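Data file: run38.cif. Format and content: mmCIF, C-alpha atoms and all ligand atoms.
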```
data_protein
loop_
_atom_site.label_atom_id
_atom_site.label_comp_id
_atom_site.auth_asym_id
_atom_site.auth_seq_id
_atom_site.Cartn_x
_atom_site.Cartn_y
_atom_site.Cartn_z
CA THR U 1 14.83 -2.99 2.66
CA THR U 2 15.65 -3.98 -0.84
CA ASN U 3 15.15 -7.34 -2.42
CA LYS U 4 15.90 -6.43 -6.00
CA GLY U 5 17.95 -8.97 -7.86
CA LEU U 6 17.23 -11.78 -5.44
CA ALA U 7 15.77 -15.06 -6.60
CA LEU U 8 12.55 -14.32 -4.71
CA VAL U 9 11.76 -11.40 -7.03
CA ASP U 10 10.56 -12.14 -10.53
CA LEU U 11 11.75 -9.39 -12.92
CA ASP U 12 10.76 -9.11 -16.58
CA GLU U 13 13.20 -8.35 -19.43
CA ASP U 14 12.99 -4.62 -18.57
CA GLY U 15 13.80 -5.23 -14.91
CA VAL U 16 10.22 -4.59 -13.78
CA ASP U 17 8.94 -6.55 -10.79
CA ARG U 18 6.09 -8.57 -12.34
CA ALA U 19 4.17 -9.00 -9.08
CA PHE U 20 4.32 -5.24 -8.39
CA ARG U 21 3.01 -4.39 -11.86
CA ALA U 22 0.24 -7.00 -11.66
CA ASP U 23 -0.89 -5.81 -8.20
CA VAL U 24 -0.88 -2.14 -9.21
CA LEU U 25 -2.69 -2.64 -12.53
CA GLU U 26 -5.31 -4.86 -10.90
CA GLY U 27 -5.72 -2.52 -7.92
CA LEU U 28 -6.06 0.64 -10.02
CA ALA U 29 -8.75 -1.01 -12.16
CA GLN U 30 -11.08 -1.47 -9.16
CA ALA U 31 -13.94 0.89 -8.31
CA GLN U 32 -12.16 1.75 -5.03
CA LYS U 33 -8.59 1.91 -6.26
CA ALA U 34 -6.21 0.08 -3.94
CA VAL U 35 -2.59 -1.08 -3.88
CA PRO U 36 -1.47 -3.78 -1.39
CA ALA U 37 0.46 -2.26 1.52
CA ARG U 38 3.51 -4.51 1.07
CA TRP U 39 4.59 -2.29 -1.84
CA LEU U 40 5.08 0.67 0.52
CA TYR U 41 8.43 -0.80 1.57
CA ASP U 42 11.04 -0.05 -1.09
CA ASP U 43 14.34 1.45 0.20
CA ALA U 44 12.85 4.92 0.66
CA GLY U 45 9.64 3.53 2.17
CA SER U 46 11.53 1.35 4.65
CA GLN U 47 13.59 4.36 5.73
CA LEU U 48 10.43 6.46 6.09
CA PHE U 49 8.84 3.73 8.23
CA GLU U 50 11.93 3.75 10.48
CA ASP U 51 11.44 7.54 10.77
CA ILE U 52 7.76 7.00 11.66
CA THR U 53 8.73 4.76 14.58
CA GLN U 54 10.63 7.73 16.07
CA LEU U 55 7.70 10.17 15.87
CA LYS U 56 6.10 11.34 19.07
CA GLU U 57 2.61 10.55 17.73
CA TYR U 58 3.53 6.99 16.69
CA TYR U 59 3.22 5.14 20.00
CA PRO U 60 3.21 1.41 18.93
CA THR U 61 6.98 0.92 18.72
CA ARG U 62 7.65 2.64 22.04
CA ALA U 63 4.78 0.88 23.80
CA GLU U 64 5.87 -2.58 22.62
CA THR U 65 9.51 -1.85 23.49
CA GLU U 66 8.41 -0.78 26.97
CA ILE U 67 6.64 -4.14 27.50
CA LEU U 68 9.68 -6.11 26.31
CA THR U 69 12.00 -4.02 28.49
CA ASP U 70 9.95 -4.10 31.68
CA ARG U 71 8.45 -7.59 31.75
CA GLY U 72 11.50 -9.74 30.98
CA SER U 73 11.21 -12.00 34.00
CA GLU U 74 7.54 -12.69 33.22
CA PHE U 75 8.43 -13.65 29.64
CA ALA U 76 11.14 -15.95 30.99
CA ASP U 77 8.61 -17.68 33.28
CA ALA U 78 5.88 -18.00 30.65
CA ILE U 79 8.10 -19.10 27.74
CA GLY U 80 10.89 -21.02 29.46
CA PRO U 81 14.47 -21.61 28.24
CA GLY U 82 15.78 -23.71 25.37
CA ARG U 83 13.50 -22.62 22.53
CA ALA U 84 14.55 -21.78 18.98
CA VAL U 85 13.19 -18.28 18.42
CA VAL U 86 11.84 -17.93 14.87
CA GLU U 87 11.26 -14.28 13.96
CA PHE U 88 8.85 -13.61 11.10
CA GLY U 89 10.25 -10.64 9.12
CA SER U 90 13.38 -9.94 11.09
CA GLY U 91 13.77 -6.32 9.97
CA SER U 92 16.30 -4.13 11.74
CA SER U 93 14.50 -4.70 15.00
CA VAL U 94 15.80 -3.42 18.30
CA LYS U 95 13.10 -5.54 19.92
CA THR U 96 14.67 -8.94 19.28
CA PRO U 97 17.63 -8.52 21.70
CA LEU U 98 15.18 -7.43 24.40
CA LEU U 99 13.37 -10.76 24.06
CA LEU U 100 16.44 -12.94 23.59
CA ARG U 101 18.27 -11.56 26.60
CA CYS U 102 15.51 -12.67 28.99
CA ILE U 103 14.42 -16.13 27.76
CA GLU U 104 17.69 -18.11 27.30
CA PRO U 105 16.98 -19.24 23.71
CA ALA U 106 18.70 -22.28 22.16
CA ALA U 107 18.91 -20.69 18.70
CA TYR U 108 17.68 -17.71 16.68
CA VAL U 109 16.15 -18.13 13.21
CA PRO U 110 15.32 -14.83 11.47
CA LEU U 111 13.10 -15.20 8.39
CA ASP U 112 12.98 -12.43 5.79
CA ILE U 113 12.51 -12.12 2.05
CA ALA U 114 15.19 -9.42 1.82
CA GLY U 115 18.46 -11.37 1.89
CA ASP U 116 20.92 -8.51 2.34
CA PHE U 117 18.88 -7.03 5.18
CA LEU U 118 18.51 -10.45 6.75
CA ARG U 119 22.22 -11.19 6.78
CA ALA U 120 23.01 -7.79 8.29
CA ALA U 121 20.44 -8.35 11.05
CA ALA U 122 21.79 -11.87 11.71
CA ALA U 123 25.39 -10.61 11.94
CA ASP U 124 24.32 -7.89 14.33
CA LEU U 125 22.53 -10.38 16.56
CA SER U 126 25.47 -12.81 16.55
CA ALA U 127 27.74 -10.01 17.73
CA LYS U 128 25.37 -9.19 20.59
CA PHE U 129 24.86 -12.84 21.63
CA PRO U 130 28.15 -14.69 21.14
CA GLY U 131 27.51 -18.41 21.52
CA LEU U 132 23.90 -18.26 20.33
CA PRO U 133 23.47 -20.28 17.12
CA VAL U 134 21.92 -17.98 14.46
CA HIS U 135 20.42 -19.53 11.30
CA PRO U 136 19.01 -16.88 8.93
CA VAL U 137 16.55 -18.16 6.33
CA GLU U 138 15.75 -16.17 3.19
CA ALA U 139 12.09 -16.94 2.66
CA ASP U 140 8.64 -15.48 2.20
CA PHE U 141 6.90 -16.57 5.38
CA VAL U 142 3.40 -16.28 3.91
CA ARG U 143 4.16 -19.80 2.71
CA ARG U 144 5.29 -22.69 4.93
CA VAL U 145 9.04 -22.44 5.54
CA GLU U 146 11.38 -25.41 5.90
CA LEU U 147 13.39 -24.57 9.03
CA PRO U 148 17.12 -25.45 9.22
CA GLY U 149 17.90 -29.02 10.32
CA GLU U 150 19.86 -27.69 13.33
CA VAL U 151 16.66 -26.52 15.02
CA ALA U 152 14.45 -29.43 13.94
CA ASP U 153 14.34 -31.05 17.36
CA MET U 154 14.13 -27.87 19.43
CA PRO U 155 10.83 -26.49 20.74
CA LYS U 156 10.01 -23.26 18.87
CA LEU U 157 8.86 -19.80 19.79
CA GLY U 158 7.53 -17.72 16.89
CA PHE U 159 8.03 -13.96 17.32
CA PHE U 160 5.90 -11.56 15.26
CA PRO U 161 6.12 -8.10 16.86
CA GLY U 162 5.00 -4.67 15.65
CA SER U 163 1.31 -5.47 15.06
CA THR U 164 2.22 -6.31 11.47
CA ILE U 165 -0.63 -8.85 11.64
CA GLY U 166 -2.89 -5.76 11.72
CA ASN U 167 -1.81 -4.79 8.21
CA MET U 168 -3.68 -7.83 6.87
CA VAL U 169 -7.42 -8.23 6.43
CA PRO U 170 -8.74 -10.95 8.76
CA ARG U 171 -8.87 -13.64 6.06
CA THR U 172 -5.21 -13.12 5.16
CA ALA U 173 -4.23 -12.81 8.83
CA VAL U 174 -5.86 -16.18 9.62
CA ASP U 175 -4.11 -17.80 6.64
CA LEU U 176 -0.78 -16.44 7.89
CA LEU U 177 -1.35 -17.64 11.47
CA ARG U 178 -2.16 -21.12 10.16
CA THR U 179 0.93 -21.09 7.96
CA MET U 180 3.06 -20.03 10.94
CA ARG U 181 1.66 -22.99 12.86
CA GLU U 182 2.68 -25.30 10.02
CA THR U 183 6.16 -23.76 9.89
CA LEU U 184 6.69 -24.02 13.67
CA GLY U 185 4.89 -27.29 14.38
CA GLU U 186 2.92 -28.85 17.22
CA GLY U 187 3.93 -27.76 20.73
CA SER U 188 5.18 -24.37 19.54
CA LYS U 189 4.45 -21.00 21.08
CA LEU U 190 3.90 -17.65 19.41
CA LEU U 191 4.56 -14.19 20.85
CA ILE U 192 2.65 -11.69 18.74
CA GLY U 193 2.19 -7.91 18.96
CA MET U 194 -1.32 -6.49 18.49
CA ASP U 195 -2.12 -2.81 18.65
CA LEU U 196 -5.24 -1.95 20.67
CA ILE U 197 -8.40 0.01 19.83
CA LYS U 198 -8.20 3.45 21.44
CA SER U 199 -9.44 6.99 20.97
CA ARG U 200 -9.88 8.09 17.38
CA LYS U 201 -7.82 11.18 18.11
CA VAL U 202 -4.74 9.24 19.25
CA LEU U 203 -5.08 6.78 16.36
CA LYS U 204 -5.51 9.42 13.70
CA ALA U 205 -2.53 11.42 14.99
CA ALA U 206 -0.35 8.28 14.91
CA TYR U 207 -1.13 7.88 11.20
CA ASP U 208 -1.19 11.57 10.27
CA ASP U 209 1.72 13.13 12.15
CA ALA U 210 2.38 16.84 12.34
CA LYS U 211 5.72 16.61 10.50
CA GLY U 212 4.10 14.84 7.55
CA VAL U 213 6.41 11.81 7.64
CA THR U 214 3.48 9.37 7.30
CA ALA U 215 2.12 11.47 4.42
CA GLU U 216 5.49 11.15 2.70
CA PHE U 217 5.56 7.38 3.43
CA ASN U 218 2.15 7.10 1.74
CA ARG U 219 3.01 9.33 -1.25
CA ASN U 220 6.26 7.40 -1.71
CA LEU U 221 4.16 4.52 -3.05
CA ALA U 222 2.92 6.75 -5.90
CA ARG U 223 6.52 7.88 -6.52
CA ARG U 224 7.60 4.24 -6.67
CA ILE U 225 4.82 3.42 -9.17
CA ASN U 226 5.95 6.33 -11.36
CA ARG U 227 9.60 5.31 -11.20
CA GLU U 228 9.32 1.55 -11.56
CA LEU U 229 6.22 1.25 -13.73
CA GLY U 230 6.59 4.28 -15.99
CA GLY U 231 3.76 6.12 -14.22
CA THR U 232 2.65 9.73 -14.61
CA ILE U 233 0.72 10.07 -11.32
CA PRO U 234 0.79 13.73 -10.21
CA VAL U 235 2.09 12.79 -6.76
CA ASP U 236 2.04 16.28 -5.27
CA ALA U 237 -1.66 16.62 -6.14
CA LEU U 238 -2.48 13.62 -3.90
CA ARG U 239 -3.34 14.30 -0.27
CA HIS U 240 -2.54 11.82 2.51
CA GLU U 241 -5.55 10.82 4.59
CA ALA U 242 -5.74 8.52 7.62
CA ARG U 243 -9.35 7.35 8.08
CA TRP U 244 -10.68 5.45 11.07
CA SER U 245 -13.29 2.83 10.17
CA ASP U 246 -15.19 2.08 13.34
CA ASP U 247 -17.05 -0.86 11.76
CA LEU U 248 -13.85 -2.60 10.77
CA ALA U 249 -11.70 -1.26 13.65
CA ARG U 250 -8.97 -0.11 11.36
CA ILE U 251 -7.05 2.92 10.23
CA GLU U 252 -7.01 3.19 6.45
CA MET U 253 -4.40 5.18 4.55
CA HIS U 254 -5.62 6.78 1.37
CA LEU U 255 -4.12 9.03 -1.30
CA VAL U 256 -6.93 11.42 -2.15
CA ALA U 257 -7.31 13.45 -5.33
CA ASP U 258 -8.62 16.94 -4.62
CA ASP U 259 -9.13 17.56 -8.34
CA ASP U 260 -10.02 15.33 -11.27
CA MET U 261 -6.89 13.75 -12.63
CA GLU U 262 -5.79 11.36 -15.35
CA PHE U 263 -2.54 9.44 -15.46
CA GLU U 264 -0.79 6.46 -17.01
CA VAL U 265 0.81 3.44 -15.42
CA ALA U 266 2.62 0.80 -17.49
CA GLY U 267 0.97 2.10 -20.65
CA ARG U 268 -2.59 2.05 -19.28
CA ARG U 269 -4.76 5.09 -18.58
CA PHE U 270 -6.50 5.68 -15.26
CA ALA U 271 -8.58 8.51 -13.81
CA LEU U 272 -9.46 9.76 -10.34
CA ALA U 273 -12.39 12.14 -9.90
CA SER U 274 -12.08 14.85 -7.27
CA GLY U 275 -12.59 13.25 -3.85
CA GLU U 276 -11.72 9.72 -5.03
CA SER U 277 -8.74 7.93 -3.58
CA ILE U 278 -6.23 5.12 -3.83
CA HIS U 279 -6.44 2.95 -0.68
CA THR U 280 -2.87 2.06 0.28
CA GLU U 281 -2.94 0.43 3.74
CA ASN U 282 -5.08 -1.01 6.53
CA SER U 283 -3.88 -1.06 10.12
CA HIS U 284 -6.34 -3.09 12.17
CA LYS U 285 -6.66 -2.45 15.90
CA PHE U 286 -7.75 -5.14 18.34
CA SER U 287 -9.72 -5.63 21.51
CA ARG U 288 -8.84 -8.45 23.91
CA ARG U 289 -11.63 -10.52 22.38
CA SER U 290 -11.02 -9.74 18.72
CA GLY U 291 -7.30 -10.50 19.13
CA ASN U 292 -8.05 -13.78 20.85
CA THR U 293 -10.64 -14.72 18.23
CA LEU U 294 -8.21 -14.05 15.41
CA LEU U 295 -5.57 -16.23 17.07
CA LEU U 296 -8.04 -19.05 17.71
CA ALA U 297 -9.22 -18.94 14.08
CA GLY U 298 -5.57 -19.31 13.08
CA GLY U 299 -5.07 -22.39 15.26
CA TRP U 300 -3.43 -20.70 18.28
CA THR U 301 -4.71 -20.71 21.87
CA PRO U 302 -3.92 -17.44 23.68
CA VAL U 303 -2.46 -18.09 27.14
CA ARG U 304 -1.09 -14.73 28.35
CA ARG U 305 -1.24 -11.08 27.51
CA TRP U 306 0.93 -8.13 28.47
CA LEU U 307 0.12 -4.42 28.04
CA ASP U 308 2.23 -1.27 28.31
CA ARG U 309 1.52 1.08 31.24
CA LYS U 310 -0.83 3.27 29.20
CA GLU U 311 -2.62 0.18 27.81
CA ARG U 312 -2.10 1.11 24.19
CA PHE U 313 -0.47 -2.07 22.87
CA SER U 314 -0.53 -5.80 23.64
CA LEU U 315 1.89 -8.69 23.35
CA ILE U 316 0.07 -12.03 23.40
CA LEU U 317 1.56 -15.45 24.05
CA ALA U 318 -0.29 -18.30 22.34
CA GLU U 319 0.23 -22.05 22.02
CA ALA U 320 -0.18 -24.30 19.00
C1 LIG U 401 4.29 -1.92 9.94
N1 LIG U 401 2.97 -1.57 10.45
C2 LIG U 401 2.68 -2.31 11.69
C3 LIG U 401 2.74 -0.12 10.58
C4 LIG U 401 1.35 0.16 11.20
O1 LIG U 401 1.32 0.86 12.20
O2 LIG U 401 0.36 -0.37 10.71
C5 LIG U 401 2.86 0.58 9.24
C6 LIG U 401 2.53 2.04 9.28
N2 LIG U 401 1.76 2.69 8.44
C7 LIG U 401 1.69 3.96 8.74
N3 LIG U 401 2.40 4.16 9.82
C8 LIG U 401 2.94 2.97 10.17
#
```
Target format structure tokens, applied to this file:
Amino acid sequence: TTNKGLALVDLDEDGVDRAFRADVLEGLAQAQKAVPARWLYDDAGSQLFEDITQLKEYYPTRAETEILTDRGSEFADAIGPGRAVVEFGSGSSVKTPLLLRCIEPAAYVPLDIAGDFLRAAAADLSAKFPGLPVHPVEADFVRRVELPGEVADMPKLGFFPGSTIGNMVPRTAVDLLRTMRETLGEGSKLLIGMDLIKSRKVLKAAYDDAKGVTAEFNRNLARRINRELGGTIPVDALRHEARWSDDLARIEMHLVADDDMEFEVAGRRFALASGESIHTENSHKFSRRSGNTLLLAGGWTPVRRWLDRKERFSLILAEA
């Protein structure tokens, strides 16, 4: 995904993304250095994430696809026809057609901040579903989005697959769920993917694969900082680590320094002592209860839940 040059990105006179620089400089100044996970997804990072979804260790994409493939008639019964499907972060998803083909939607509204990506996804969908009105909206869905007038009177179904909600800390996740409710309105439904708590071994392998694709995805963030913010981070001296926090029920990605190091970013000096890290991502995992509680805190009442055969991943239907 790229969103460079679009109105939603604020570049300075040198073409530097101001929000990226501010997040990185603030995050590197903390005692536990951290960079928000959204910055993992430049062009190279988005491609690496696509590669991750194909790995044998990375089960979430396959498990969620299995649910959408196998349980179509149950989705049709629970959701009903005639809804405008609003997808939050449309991506290049193969999952959307699986949902649309079973529920007889009235319209499809993909929301994404990356305009070029969004239009390609919309065109692709239109070709697959001739006759289905498609209304792409270029927007950052962390804020309330004004939906197109054409779908104003239709009942809505929000679709947020992939367990992307798990990449947010609970406070941010609740804010997003509330914002989604405002965007979709009273009487709406939401179909949301949530990855489940499981054995540490399976989780750690999913985030530290044998081929090292996830390690490269993680290190790509440091490469991006060097390239876009004039950084001198010795990327190859940083080790990828996927840590399971049992207290917080999340996998954390870190870039760990095995030796003391000093580097510059945007003209400022930083240091990592041996063993210290930059925290680059959280991927929260849910139980039935913790998923339900999160939804309720965000203003959504869970009404149904589907799991894959191996019970690794859940899709939850909730009502506003
Ligand atoms: C996009 N998101 C749901 C992925 C996840 O599983 O948390 C991102 C990812 N990070 C490492 N591998 C995949």
Would you mind listing, for every residue of chain U within 10 Å of ligand LIG 401 (chain U), the two atoms forming the shortest contact and the distance between them in Å to one decimal, using all atoms listed in the file, sorted by chain and ascending residue number, as a tab-separated table?
```
residue	atom	partner	partner_atom	distance
U:Ala37	CA	U:LIG401	C5	8.6
U:Arg38	CA	U:LIG401	C1	9.3
U:Leu40	CA	U:LIG401	N2	8.8
U:Tyr41	CA	U:LIG401	C1	9.4
U:Ser46	CA	U:LIG401	C1	9.5
U:Leu48	CA	U:LIG401	N3	9.1
U:Phe49	CA	U:LIG401	C8	6.3
U:Glu50	CA	U:LIG401	C8	9.0
U:Asp51	CA	U:LIG401	C8	9.7
U:Ile52	CA	U:LIG401	N3	6.3
U:Thr53	CA	U:LIG401	C8	7.5
U:Tyr58	CA	U:LIG401	N3	7.5
U:Tyr59	CA	U:LIG401	O1	9.1
U:Pro60	CA	U:LIG401	O1	7.0
U:Thr61	CA	U:LIG401	O1	8.6
U:Pro161	CA	U:LIG401	C2	8.5
U:Gly162	CA	U:LIG401	C2	5.2
U:Ser163	CA	U:LIG401	C2	4.8
U:Thr164	CA	U:LIG401	C2	4.0
U:Ile165	CA	U:LIG401	C2	7.3
U:Gly166	CA	U:LIG401	O2	6.4
U:Asn167	CA	U:LIG401	O2	5.5
U:Met168	CA	U:LIG401	O2	9.3
U:Gly193	CA	U:LIG401	C2	9.2
U:Met194	CA	U:LIG401	C2	8.9
U:Asp195	CA	U:LIG401	O1	8.2
U:Leu203	CA	U:LIG401	O1	9.7
U:Ala206	CA	U:LIG401	N3	7.1
U:Tyr207	CA	U:LIG401	N3	5.3
U:Asp208	CA	U:LIG401	N3	8.2
U:Asp209	CA	U:LIG401	N3	9.3
U:Val213	CA	U:LIG401	N3	8.9
U:Thr214	CA	U:LIG401	C7	5.9
U:Ala215	CA	U:LIG401	C7	8.7
U:Phe217	CA	U:LIG401	C7	7.4
U:Asn218	CA	U:LIG401	C7	7.7
U:Ala242	CA	U:LIG401	C7	8.8
U:Arg250	CA	U:LIG401	O2	9.4
U:Ile251	CA	U:LIG401	O2	8.1
U:Glu252	CA	U:LIG401	N2	9.0
U:Met253	CA	U:LIG401	C7	7.5
U:Thr280	CA	U:LIG401	N2	9.4
U:Glu281	CA	U:LIG401	N2	7.0
U:Asn282	CA	U:LIG401	O2	6.9
U:Ser283	CA	U:LIG401	O2	4.3
U:His284	CA	U:LIG401	O2	7.4
U:Lys285	CA	U:LIG401	O2	9.0
```
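The closest residue to Asp140 in chain U, picked from U:His254, U:Pro36, U:Val9, U:Leu157 and counting all atoms listed in the file, is U:Val9.
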### Query
Using only C-alpha atoms, which residues sit within 12 Å of Thr293 in chain U once same-chain residues fewer than 5 positions away are excluded, as a PyMOL selection string?
chain U and resi 170+173-174+177+286-288+298-302+318
Could the residues in this selection be written to a file with C-alpha atoms, as a short mmCIF file (atom, residue, chain, number, x, y, z; two decimals), keeping the file's coordinate frame?
```
data_model
loop_
_atom_site.label_atom_id
_atom_site.label_comp_id
_atom_site.auth_asym_id
_atom_site.auth_seq_id
_atom_site.Cartn_x
_atom_site.Cartn_y
_atom_site.Cartn_z
CA PRO U 170 -8.74 -10.95 8.76
CA ALA U 173 -4.23 -12.81 8.83
CA VAL U 174 -5.86 -16.18 9.62
CA LEU U 177 -1.35 -17.64 11.47
CA PHE U 286 -7.75 -5.14 18.34
CA SER U 287 -9.72 -5.63 21.51
CA ARG U 288 -8.84 -8.45 23.91
CA GLY U 298 -5.57 -19.31 13.08
CA GLY U 299 -5.07 -22.39 15.26
CA TRP U 300 -3.43 -20.70 18.28
CA THR U 301 -4.71 -20.71 21.87
CA PRO U 302 -3.92 -17.44 23.68
CA ALA U 318 -0.29 -18.30 22.34
#
```
### Message
Give me, as a ChimeraX atom specification, all polymer residues having an atom no more than 9 Å from Ala19 in chain U, counting all atoms listed in the file and skipping those fewer than 5 positions away in the same chain.
### Response
/U:9-11,24
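What separates CA of Pro130 in chain U from CA of Ser90 in chain U is a distance of 18.5 Å.
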### Query
CA of Ala266 in chain U to CA of Asp12 in chain U: how many Å, to one decimal?
12.9 Å
